[in-house]
Amino acid sequence: MAGPVTEQPQPLLDTHVVVERGEFLLDVELQVAPGETVAIMGPNGAGKTSFLYALFGWLPLRSGWILLDGVTIEAPGQDQFVSPHHRDFGMVFDDCLLFPHMTVEQNLAFGTNVEIETSPLVELLELSHLLKNRATALSAGQQQRVALARTLLTSPKMVFLDEPLASLDPSGRIQARHLIRSALNDQVSGALIVTHDPADAFALADSVMVLEGGSISQFGSIGEIGEHPATPWIASLIGWNFFAGVGSGSSVQLADGTQIATSESGLTGEVTIAINPSSVALFLEAPVGSPRNKWFCEIETIESVGELARVTLSGPVTIYADITLSAASDLELRKGLGLWVSVKATEVLVQSSNP
Amino acid sequence: MRAPLPRQFRYFAFVVVALVATPLVALLWRVPWSRIHELLREQVVVDALILSLVTSLIAAGTALLLGIPVALILSRMEGIKASITRALMTLPMVLPPVVGGAALLFAFGRNGVLGSSLEDVTGLVLPYSLAGVVLANTFVALPFVVLTTETALRSLDPRFELAAASLGANQTRVTMQVVLPSIKGSLVAAGVLAWARALGEFGATITFAGNVPGSTQTMPLAVFVAMETDQDAALAMSVVLILVSLTVLVALRDRWWPAR
Amino acid sequence: MPIQSSQKGAAARWVLLAVTITALLLSTSCGSPKRSLNVFVASSMTEFAEVIRVDFERKYPEIDVRLNIAGSGALVNQIVEGASADLVLLAGATHMDRLQKDGSFLRPVTIARNSLTVVMDPRIASDVNTLADLTRGDRRAAICIQGAPCGALAFAFAEASGVDLSTATREPNVKAVLARVSRGEVDFGFVYRSDAQGAQEEVIEMTGTGADAFITSYSLAVARDGQRRQDINAFADAITHERAWKVLQELGFLRP
């Protein structure tokens, strides 16, 4: 597939990583423009974490190169190798790896000389009141924020996030995404985010690199990939509902005039929204109560995907819903049936085109 | 909660514990408690007690200083090289201490391979000196440090080192500020085990360092000598050794072997 | 079912093997006509006891002589704590007195005497003419622990002749002292004449020290055991026989 669009002549990161681990061969070529965030997705064992480790110098390159800001960091052919701790990268691990024998403050100060108590980043990530706590005594969400702050405080040119939200519960994730997004915007000029969750990729990244079996199977924006999946894995995992529209306050107006309510506020200009098919609820009768997004639609197709049924509905919006097979049979779903479709405002993810 | 064990196991365990406790109780039974103060004030006893404390503490410290770097390297080695190195470092633990003492004698004794050149160059004679006692004690205590530390290092998530490196720390800083503090509990346990082993050391000491009152006659040696001359003094010193060891082990709770 | 039957066969073979081994063990431990004698020997008498044992077993092949060799003090401790001894050969009077208090041994007889002597590492022999030369510089000595007869004797001699032994290493028995000197780990040591004589090739005996005035005697005590009286007496006779004296003389011991 096509490489990333590079608007500037010199990319922030320019790399071709070739790593061999036994039978497994990782071969990835990637350019990241300044200010760009790339999500790395793919099934387990696809080489996502290995790619980050290789960039850091923890896995030796068999061939290829790594250039950061035009400077060669590693190039086996030219006998170039900058030690990992001298590379201007930062890394946030999936399980945070806060040093258990240190307080939060000591963890934060480990890689920097910055005054921790007065750091705006510490304020932004809401850590000021936790500084004297033991790092291991925090909740998962707090640990995640400390790990992020610890890395960002070292002011790396580029930061890698390995499954940054994996340990959080769903409600924590939404808040964490916001914090990560604003922290990344403020602090670094480029980021790579390994994730399993399309919502992360949608909320945090400009483009998505899908790795399968050690090589890139698709590269593009989350919208492009969701609409034109190149492989079955992509189709099954990133098959979300995407809509383009214009934001106004907390709602988004689609091209045909349909209003979709979100939990955001102050939206303006062109935005893209994403809805997980699993968050789309189906009712035989008009739902009462809170949901503000409800439409009456008609079933076009029903396909079973594993233990789920993917229902395609058309009406004011064309939308996919994933429901369990048992629920599908309870509702006696069939082609042509009219149904109420509802989506909670909090389940609508928004990405503005010009942040 | 654990599944309950058959009742017979408890009886069996009780018998085993009783078997271990009986000789100790029998020894305490024989102790001349009324004279114990005066016995422990004898010059020979005081000298031996001080010497034992000093040499065992120095030996434990030396064993930590020597053992931790070896454990760090060993924890990163794999295959036959690692097995051979580990076996070599463990040998003094399973070897009869007398054999260890004899081996030290042939290496560091006056006519030993290294000992004779050491004497020529520095004039230092290790046997019959406090340094000799420390060397013998360190030799037998070192395996406890190496094994305990290596076990702890191997159970430490190696990604902590990656995280520290990603924050810009070089290998020295990673080791000193992240790796070693993370296994602090095990290092304390290693030091205490080494100290306890050094405190009780007899065979290697008497063989290598001899039995000179005031300079190499440690508590166990003094007990051995007193068993043939003044059995009451021997018992009094044994009580001190038992009390000190027991106190330390109880104070350590379950930390004398890495729990995790 | 072939599998089961082969398992049965294997089990049967194991039972047969176990029975055979048990039978063999029983036949050696109970069926043997050999009787045994436990003889406790002070370590300075090691060579002597070994010669007597070999002679004795040649004469009485049905008796198995077991020698237990250690310092005299250690031997008496073992007996007081319950070790079973048929004959005890000790150096010095103190330990024999302790043994007598135990009450299970008959009155002892003195069989030989031994005098103290000083042995040196050959490397220092040319520099040493008098006792004072011995302690010059940082020469190192080995000596028996005070609880052992050789140690009691040596300390008495050192006190009388003004030799400073504060830095000497205290060894559990006289053989350990001799080994330290003959291996060159110490410069000189206090041993019995008999020991010095047996190690002429490794150590040099110092003459004219006056140590030969310090003498210990060896005595033999036998157990009051009625049943094995005959065997015990036979071995005691072997020790006190004129031929045994020849052996003692050759080894450097003195007449009682």
# chains A, B, ... in the order shown; residues from 1 in each chain; ligands from 1
$ residues_around --residues "Val280 of chain A" --least-positions-apart "3" --cutoff "8 Å" --atoms "only C-alpha atoms" --output "ChimeraX atom specification"
/A:275-277,320-322,341-343
$ write_last_selection --atoms "N, CA and C atoms" --output "compact mmCIF listing (two decimals), in the first residue's frame"
# COMPACT_ATOMS: atom_id res chain seq x y z
N ILE A 275 -18.52 5.17 15.30
CA ILE A 275 -19.38 4.46 16.25
C ILE A 275 -19.08 2.97 16.15
N ASN A 276 -18.75 2.39 17.29
CA ASN A 276 -18.51 0.96 17.35
C ASN A 276 -19.83 0.22 17.10
N PRO A 277 -19.84 -0.73 16.17
CA PRO A 277 -21.09 -1.46 15.89
C PRO A 277 -21.67 -2.11 17.14
N TYR A 320 -24.12 -0.03 10.81
CA TYR A 320 -23.93 -1.43 11.18
C TYR A 320 -24.15 -1.59 12.66
N ALA A 321 -24.78 -2.72 13.03
CA ALA A 321 -24.92 -3.05 14.45
C ALA A 321 -24.44 -4.47 14.66
N ASP A 322 -23.62 -4.68 15.72
CA ASP A 322 -23.20 -6.05 16.07
C ASP A 322 -23.97 -6.46 17.31
N VAL A 341 -33.25 2.16 16.17
CA VAL A 341 -31.80 2.08 16.38
C VAL A 341 -31.41 3.22 17.31
N SER A 342 -30.66 2.91 18.36
CA SER A 342 -30.23 4.01 19.23
C SER A 342 -28.74 3.90 19.57
N VAL A 343 -28.10 5.07 19.72
CA VAL A 343 -26.67 5.14 20.09
C VAL A 343 -26.53 6.20 21.17
$ interface_residues --of "chain B" --to "chain C" --cutoff "6 Å" --atoms "only C-alpha atoms" --output "PyMOL selection string"
chain B and resi 110+210-212+228-229
$ write_last_selection --atoms "N, CA and C atoms" --output "PDB file, in the first residue's frame"
ATOM      1  N   ARG B 110      50.903 -20.290  53.052  1.00  0.00           N
ATOM      2  CA  ARG B 110      52.264 -19.773  52.873  1.00  0.00           C
ATOM      3  C   ARG B 110      52.962 -20.421  51.694  1.00  0.00           C
ATOM      4  N   GLY B 210      43.579 -21.504  61.130  1.00  0.00           N
ATOM      5  CA  GLY B 210      44.086 -21.995  62.400  1.00  0.00           C
ATOM      6  C   GLY B 210      43.200 -21.590  63.558  1.00  0.00           C
ATOM      7  N   ASN B 211      43.727 -21.752  64.760  1.00  0.00           N
ATOM      8  CA  ASN B 211      42.920 -21.568  65.959  1.00  0.00           C
ATOM      9  C   ASN B 211      43.746 -20.775  66.964  1.00  0.00           C
ATOM     10  N   VAL B 212      43.933 -19.480  66.694  1.00  0.00           N
ATOM     11  CA  VAL B 212      44.753 -18.637  67.555  1.00  0.00           C
ATOM     12  C   VAL B 212      43.828 -17.750  68.381  1.00  0.00           C
ATOM     13  N   GLU B 228      36.475 -29.783  75.236  1.00  0.00           N
ATOM     14  CA  GLU B 228      37.423 -30.722  75.825  1.00  0.00           C
ATOM     15  C   GLU B 228      38.031 -30.213  77.120  1.00  0.00           C
ATOM     16  N   THR B 229      37.828 -28.926  77.413  1.00  0.00           N
ATOM     17  CA  THR B 229      38.437 -28.398  78.630  1.00  0.00           C
ATOM     18  C   THR B 229      37.389 -27.897  79.611  1.00  0.00           C
TER      19      THR B 229
END
$ atom_distance --atom1 "atom CA of Phe157 of chain C" --atom2 "atom CA of Asp97 of chain C"
22.3 Å
$ interface_residues --of "chain A" --to "chain B" --cutoff "8 Å" --atoms "only C-alpha atoms" --output "number ranges by chain"
A: 56, 84-87, 89-93, 97-101, 110-111, 150-151, 154
$ residues_around --residues "Val122 of chain A" --least-positions-apart "5" --cutoff "7 Å" --atoms "only C-alpha atoms" --output "count of residues only"
3
$ atom_distance --atom1 "atom CA of Asp187 of chain C" --atom2 "atom CA of Ser126 of chain C"
12.3 Å
$ select_by_dssp --residues "segment 99-306 of chain A" --states "strand (DSSP E or B)" --output "PyMOL selection string"
chain A and resi 103+134+158-162+190-194+207-212+215-220+241-249+251-254+259-261+267-275+281-283+293-305
$ residues_around --residues "Gly245 of chain A" --least-positions-apart "6" --cutoff "8 Å" --atoms "only C-alpha atoms" --output "PyMOL selection string"
chain A and resi 252-255+270-273
$ write_last_selection --atoms "N, CA and C atoms" --output "JSON list (two decimals), in the first residue's frame"
[["chain", "number", "residue", "atom", "x", "y", "z"],
["A", 252, "VAL", "N", -23.33, 16.90, 15.79],
["A", 252, "VAL", "CA", -22.72, 16.90, 14.47],
["A", 252, "VAL", "C", -23.85, 16.73, 13.45],
["A", 253, "GLN", "N", -23.81, 17.58, 12.43],
["A", 253, "GLN", "CA", -24.84, 17.46, 11.38],
["A", 253, "GLN", "C", -24.23, 16.77, 10.17],
["A", 254, "LEU", "N", -24.87, 15.66, 9.75],
["A", 254, "LEU", "CA", -24.36, 14.93, 8.59],
["A", 254, "LEU", "C", -24.85, 15.63, 7.31],
["A", 255, "ALA", "N", -24.31, 15.19, 6.16],
["A", 255, "ALA", "CA", -24.62, 15.84, 4.88],
["A", 255, "ALA", "C", -26.11, 15.84, 4.60],
["A", 270, "GLU", "N", -15.47, 20.88, 10.14],
["A", 270, "GLU", "CA", -15.66, 19.51, 9.66],
["A", 270, "GLU", "C", -15.12, 18.52, 10.68],
["A", 271, "VAL", "N", -15.91, 17.51, 10.97],
["A", 271, "VAL", "CA", -15.48, 16.47, 11.91],
["A", 271, "VAL", "C", -15.84, 15.12, 11.35],
["A", 272, "THR", "N", -15.11, 14.12, 11.87],
["A", 272, "THR", "CA", -15.45, 12.74, 11.55],
["A", 272, "THR", "C", -15.91, 12.09, 12.84],
["A", 273, "ILE", "N", -16.95, 11.28, 12.75],
["A", 273, "ILE", "CA", -17.34, 10.56, 13.96],
["A", 273, "ILE", "C", -17.31, 9.07, 13.68]]
$ residues_around --residues "segment 219-231 of chain A" --least-positions-apart "5" --cutoff "10 Å" --atoms "only C-alpha atoms" --output "PyMOL selection string"
chain A and resi 1-5+30+38-40+198-199+201-203+205-212+236-244+272-274
$ write_last_selection --atoms "N, CA and C atoms" --output "mmCIF file, in the first residue's frame"
data_model
loop_
_atom_site.group_PDB
_atom_site.id
_atom_site.type_symbol
_atom_site.label_atom_id
_atom_site.label_comp_id
_atom_site.auth_asym_id
_atom_site.auth_seq_id
_atom_site.Cartn_x
_atom_site.Cartn_y
_atom_site.Cartn_z
ATOM 1 N N MET A 1 0.829 -1.204 0.000
ATOM 2 C CA MET A 1 0.000 0.000 0.000
ATOM 3 C C MET A 1 0.860 1.251 0.000
ATOM 4 N N ALA A 2 0.224 2.347 -0.194
ATOM 5 C CA ALA A 2 0.948 3.604 -0.293
ATOM 6 C C ALA A 2 1.555 4.010 1.036
ATOM 7 N N GLY A 3 2.685 4.685 0.991
ATOM 8 C CA GLY A 3 3.331 5.191 2.203
ATOM 9 C C GLY A 3 2.563 6.413 2.692
ATOM 10 N N PRO A 4 3.021 6.969 3.826
ATOM 11 C CA PRO A 4 2.315 8.122 4.377
ATOM 12 C C PRO A 4 2.548 9.356 3.516
ATOM 13 N N VAL A 5 1.613 10.238 3.622
ATOM 14 C CA VAL A 5 1.775 11.488 2.903
ATOM 15 C C VAL A 5 2.736 12.375 3.674
ATOM 16 N N LEU A 30 8.658 2.894 7.215
ATOM 17 C CA LEU A 30 7.709 3.896 7.701
ATOM 18 C C LEU A 30 8.349 5.276 7.755
ATOM 19 N N VAL A 38 0.947 8.074 14.428
ATOM 20 C CA VAL A 38 0.592 6.881 13.671
ATOM 21 C C VAL A 38 0.190 5.781 14.646
ATOM 22 N N ALA A 39 -0.977 5.209 14.409
ATOM 23 C CA ALA A 39 -1.394 4.061 15.216
ATOM 24 C C ALA A 39 -0.905 2.791 14.538
ATOM 25 N N ILE A 40 -0.400 1.858 15.346
ATOM 26 C CA ILE A 40 0.026 0.574 14.805
ATOM 27 C C ILE A 40 -0.950 -0.471 15.307
ATOM 28 N N PRO A 198 -9.784 0.137 17.905
ATOM 29 C CA PRO A 198 -9.950 1.127 16.833
ATOM 30 C C PRO A 198 -10.310 2.494 17.390
ATOM 31 N N ALA A 199 -10.982 2.516 18.563
ATOM 32 C CA ALA A 199 -11.356 3.795 19.150
ATOM 33 C C ALA A 199 -10.118 4.613 19.481
ATOM 34 N N ALA A 201 -7.182 4.374 17.976
ATOM 35 C CA ALA A 201 -6.604 4.811 16.712
ATOM 36 C C ALA A 201 -7.390 5.990 16.170
ATOM 37 N N PHE A 202 -8.703 5.883 16.278
ATOM 38 C CA PHE A 202 -9.567 6.937 15.759
ATOM 39 C C PHE A 202 -9.355 8.243 16.510
ATOM 40 N N ALA A 203 -9.283 8.120 17.864
ATOM 41 C CA ALA A 203 -9.221 9.325 18.684
ATOM 42 C C ALA A 203 -7.839 9.962 18.677
ATOM 43 N N ALA A 205 -4.883 9.036 16.509
ATOM 44 C CA ALA A 205 -3.916 8.961 15.409
ATOM 45 C C ALA A 205 -4.409 9.641 14.146
ATOM 46 N N ASP A 206 -3.427 10.097 13.364
ATOM 47 C CA ASP A 206 -3.735 10.665 12.048
ATOM 48 C C ASP A 206 -3.839 9.566 11.016
ATOM 49 N N SER A 207 -3.002 8.552 11.170
ATOM 50 C CA SER A 207 -3.056 7.457 10.218
ATOM 51 C C SER A 207 -2.808 6.147 10.951
ATOM 52 N N VAL A 208 -3.142 5.074 10.288
ATOM 53 C CA VAL A 208 -3.040 3.755 10.897
ATOM 54 C C VAL A 208 -2.170 2.878 10.030
ATOM 55 N N MET A 209 -1.224 2.200 10.698
ATOM 56 C CA MET A 209 -0.417 1.203 9.995
ATOM 57 C C MET A 209 -0.853 -0.158 10.528
ATOM 58 N N VAL A 210 -1.355 -1.017 9.639
ATOM 59 C CA VAL A 210 -1.769 -2.344 10.100
ATOM 60 C C VAL A 210 -0.658 -3.336 9.778
ATOM 61 N N LEU A 211 -0.189 -4.023 10.829
ATOM 62 C CA LEU A 211 0.862 -5.031 10.656
ATOM 63 C C LEU A 211 0.236 -6.404 10.741
ATOM 64 N N GLU A 212 0.574 -7.263 9.784
ATOM 65 C CA GLU A 212 0.152 -8.653 9.886
ATOM 66 C C GLU A 212 1.321 -9.529 9.462
ATOM 67 N N SER A 236 -12.739 -7.424 10.176
ATOM 68 C CA SER A 236 -13.441 -7.863 11.374
ATOM 69 C C SER A 236 -13.153 -6.954 12.553
ATOM 70 N N LEU A 237 -11.979 -6.351 12.618
ATOM 71 C CA LEU A 237 -11.631 -5.592 13.811
ATOM 72 C C LEU A 237 -11.839 -4.105 13.693
ATOM 73 N N ILE A 238 -11.685 -3.594 12.457
ATOM 74 C CA ILE A 238 -11.796 -2.136 12.344
ATOM 75 C C ILE A 238 -13.043 -1.765 11.551
ATOM 76 N N GLY A 239 -13.997 -2.715 11.466
ATOM 77 C CA GLY A 239 -15.202 -2.442 10.684
ATOM 78 C C GLY A 239 -16.184 -1.565 11.425
ATOM 79 N N TRP A 240 -15.845 -0.302 11.597
ATOM 80 C CA TRP A 240 -16.687 0.628 12.357
ATOM 81 C C TRP A 240 -17.585 1.454 11.444
ATOM 82 N N ASN A 241 -18.533 2.122 12.082
ATOM 83 C CA ASN A 241 -19.360 3.090 11.367
ATOM 84 C C ASN A 241 -18.653 4.436 11.367
ATOM 85 N N PHE A 242 -18.424 5.010 10.187
ATOM 86 C CA PHE A 242 -17.791 6.327 10.115
ATOM 87 C C PHE A 242 -18.721 7.301 9.391
ATOM 88 N N PHE A 243 -18.810 8.499 9.917
ATOM 89 C CA PHE A 243 -19.636 9.524 9.284
ATOM 90 C C PHE A 243 -18.867 10.833 9.250
ATOM 91 N N ALA A 244 -19.011 11.562 8.139
ATOM 92 C CA ALA A 244 -18.404 12.889 8.068
ATOM 93 C C ALA A 244 -19.520 13.903 8.255
ATOM 94 N N THR A 272 -15.111 14.116 11.874
ATOM 95 C CA THR A 272 -15.455 12.738 11.549
ATOM 96 C C THR A 272 -15.914 12.093 12.839
ATOM 97 N N ILE A 273 -16.946 11.282 12.751
ATOM 98 C CA ILE A 273 -17.339 10.556 13.958
ATOM 99 C C ILE A 273 -17.306 9.069 13.679
ATOM 100 N N ALA A 274 -17.060 8.322 14.755
ATOM 101 C CA ALA A 274 -16.971 6.861 14.635
ATOM 102 C C ALA A 274 -17.857 6.228 15.692
#
$ residues_around --residues "Lys59 of chain C" --least-positions-apart "4" --cutoff "12 Å" --atoms "only C-alpha atoms" --output "PyMOL selection string"
chain C and resi 52-55+63-65+231+234-235+238
$ select_by_dssp --residues "segment 45-171 of chain B" --states "helix (DSSP H, G or I)" --output "PyMOL selection string"
chain B and resi 45-74+79-94+97-108+115-122+130-155+159-166+171
$ atom_distance --atom1 "atom CA of Phe202 of chain B" --atom2 "atom CA of Pro220 of chain B"
5.8 Å
$ residues_around --residues "Ile174 of chain A" --least-positions-apart "2" --cutoff "10 Å" --atoms "only C-alpha atoms" --output "ChimeraX atom specification"
/A:165,168-172,176-179,199-200,203,346-347,349
$ write_last_selection --atoms "all heavy atoms" --output "short mmCIF file (atom, residue, chain, number, x, y, z; two decimals), in the first residue's frame"
data_model
loop_
_atom_site.label_atom_id
_atom_site.label_comp_id
_atom_site.auth_asym_id
_atom_site.auth_seq_id
_atom_site.Cartn_x
_atom_site.Cartn_y
_atom_site.Cartn_z
N LEU A 165 -3.86 2.14 26.81
CA LEU A 165 -5.12 2.15 27.55
C LEU A 165 -5.60 0.75 27.89
O LEU A 165 -6.71 0.56 28.39
CB LEU A 165 -6.18 2.88 26.72
CG LEU A 165 -5.76 4.31 26.32
CD1 LEU A 165 -6.69 4.88 25.28
CD2 LEU A 165 -5.71 5.19 27.55
N LEU A 168 -7.05 -0.04 31.35
CA LEU A 168 -8.11 0.81 31.91
C LEU A 168 -9.49 0.25 31.61
O LEU A 168 -9.69 -0.45 30.62
CB LEU A 168 -8.01 2.22 31.32
CG LEU A 168 -6.65 2.90 31.47
CD1 LEU A 168 -6.74 4.33 30.97
CD2 LEU A 168 -6.18 2.87 32.91
N ASP A 169 -10.47 0.60 32.47
CA ASP A 169 -11.84 0.19 32.18
C ASP A 169 -12.42 1.17 31.16
O ASP A 169 -11.89 2.27 30.94
CB ASP A 169 -12.67 0.10 33.46
CG ASP A 169 -12.66 1.40 34.23
OD1 ASP A 169 -12.74 2.46 33.57
OD2 ASP A 169 -12.56 1.36 35.46
N PRO A 170 -13.53 0.79 30.50
CA PRO A 170 -14.05 1.60 29.38
C PRO A 170 -14.27 3.05 29.74
O PRO A 170 -13.93 3.94 28.95
CB PRO A 170 -15.36 0.91 29.05
CG PRO A 170 -15.16 -0.50 29.49
CD PRO A 170 -14.30 -0.44 30.70
N SER A 171 -14.80 3.34 30.94
CA SER A 171 -15.08 4.74 31.25
C SER A 171 -13.78 5.51 31.43
O SER A 171 -13.68 6.68 31.05
CB SER A 171 -15.94 4.84 32.51
OG SER A 171 -15.21 4.32 33.61
N GLY A 172 -12.77 4.85 31.99
CA GLY A 172 -11.47 5.49 32.16
C GLY A 172 -10.82 5.79 30.84
O GLY A 172 -10.07 6.76 30.69
N ALA A 176 -8.95 9.11 29.49
CA ALA A 176 -7.52 8.97 29.25
C ALA A 176 -7.17 9.39 27.83
O ALA A 176 -6.14 10.02 27.60
CB ALA A 176 -7.09 7.53 29.51
N ARG A 177 -8.04 9.06 26.89
CA ARG A 177 -7.77 9.45 25.49
C ARG A 177 -7.65 10.96 25.36
O ARG A 177 -6.77 11.47 24.69
CB ARG A 177 -8.88 8.94 24.59
CG ARG A 177 -8.67 7.52 24.14
CD ARG A 177 -9.68 7.11 23.08
NE ARG A 177 -9.89 5.69 23.20
CZ ARG A 177 -11.01 5.13 23.61
NH1 ARG A 177 -12.05 5.87 23.93
NH2 ARG A 177 -11.10 3.82 23.68
N HIS A 178 -8.55 11.64 26.04
CA HIS A 178 -8.51 13.10 25.99
C HIS A 178 -7.19 13.62 26.53
O HIS A 178 -6.55 14.47 25.93
CB HIS A 178 -9.65 13.69 26.85
CG HIS A 178 -10.95 13.70 26.13
ND1 HIS A 178 -11.24 14.59 25.14
CD2 HIS A 178 -12.04 12.92 26.26
CE1 HIS A 178 -12.46 14.36 24.67
NE2 HIS A 178 -12.97 13.34 25.34
N LEU A 179 -6.80 13.07 27.69
CA LEU A 179 -5.57 13.54 28.33
C LEU A 179 -4.37 13.24 27.44
O LEU A 179 -3.50 14.08 27.25
CB LEU A 179 -5.40 12.87 29.69
CG LEU A 179 -6.29 13.45 30.80
CD1 LEU A 179 -6.18 12.60 32.06
CD2 LEU A 179 -5.88 14.90 31.10
N ALA A 199 -10.98 2.52 18.56
CA ALA A 199 -11.36 3.80 19.15
C ALA A 199 -10.12 4.61 19.48
O ALA A 199 -10.09 5.83 19.29
CB ALA A 199 -12.19 3.57 20.41
N ASP A 200 -9.06 3.96 19.97
CA ASP A 200 -7.81 4.65 20.26
C ASP A 200 -7.24 5.23 18.98
O ASP A 200 -6.82 6.39 18.93
CB ASP A 200 -6.76 3.69 20.86
CG ASP A 200 -7.14 3.22 22.25
OD1 ASP A 200 -8.05 3.83 22.85
OD2 ASP A 200 -6.51 2.25 22.71
N ALA A 203 -9.28 8.12 17.86
CA ALA A 203 -9.22 9.32 18.68
C ALA A 203 -7.84 9.96 18.68
O ALA A 203 -7.71 11.16 18.82
CB ALA A 203 -9.62 8.99 20.11
N THR A 346 -22.47 9.18 24.54
CA THR A 346 -21.10 8.91 25.02
C THR A 346 -20.40 7.86 24.17
O THR A 346 -19.19 7.68 24.29
CB THR A 346 -21.16 8.39 26.47
OG1 THR A 346 -22.10 7.33 26.54
CG2 THR A 346 -21.54 9.50 27.43
N GLU A 347 -21.13 7.14 23.34
CA GLU A 347 -20.51 6.12 22.50
C GLU A 347 -20.10 6.67 21.14
O GLU A 347 -19.60 5.96 20.29
CB GLU A 347 -21.47 4.94 22.29
CG GLU A 347 -21.93 4.25 23.56
CD GLU A 347 -20.88 3.37 24.17
OE1 GLU A 347 -19.78 3.26 23.59
OE2 GLU A 347 -21.13 2.79 25.25
N LEU A 349 -17.67 8.73 18.99
CA LEU A 349 -16.32 9.29 19.06
C LEU A 349 -16.17 10.34 17.98
O LEU A 349 -16.62 10.15 16.85
CB LEU A 349 -15.29 8.19 18.84
CG LEU A 349 -15.34 7.07 19.88
CD1 LEU A 349 -14.44 5.92 19.46
CD2 LEU A 349 -14.95 7.60 21.24
#
$ closest_residue --among "B:Gly61, B:Pro69, B:Pro97, B:Gly109" --to "Leu180 of chain B" --atoms "only C-alpha atoms"
B:Pro69
$ closest_residue --among "B:Val25, B:Ala71, B:Leu187, B:Ile50" --to "Thr90 of chain B" --atoms "only C-alpha atoms"
B:Ala71
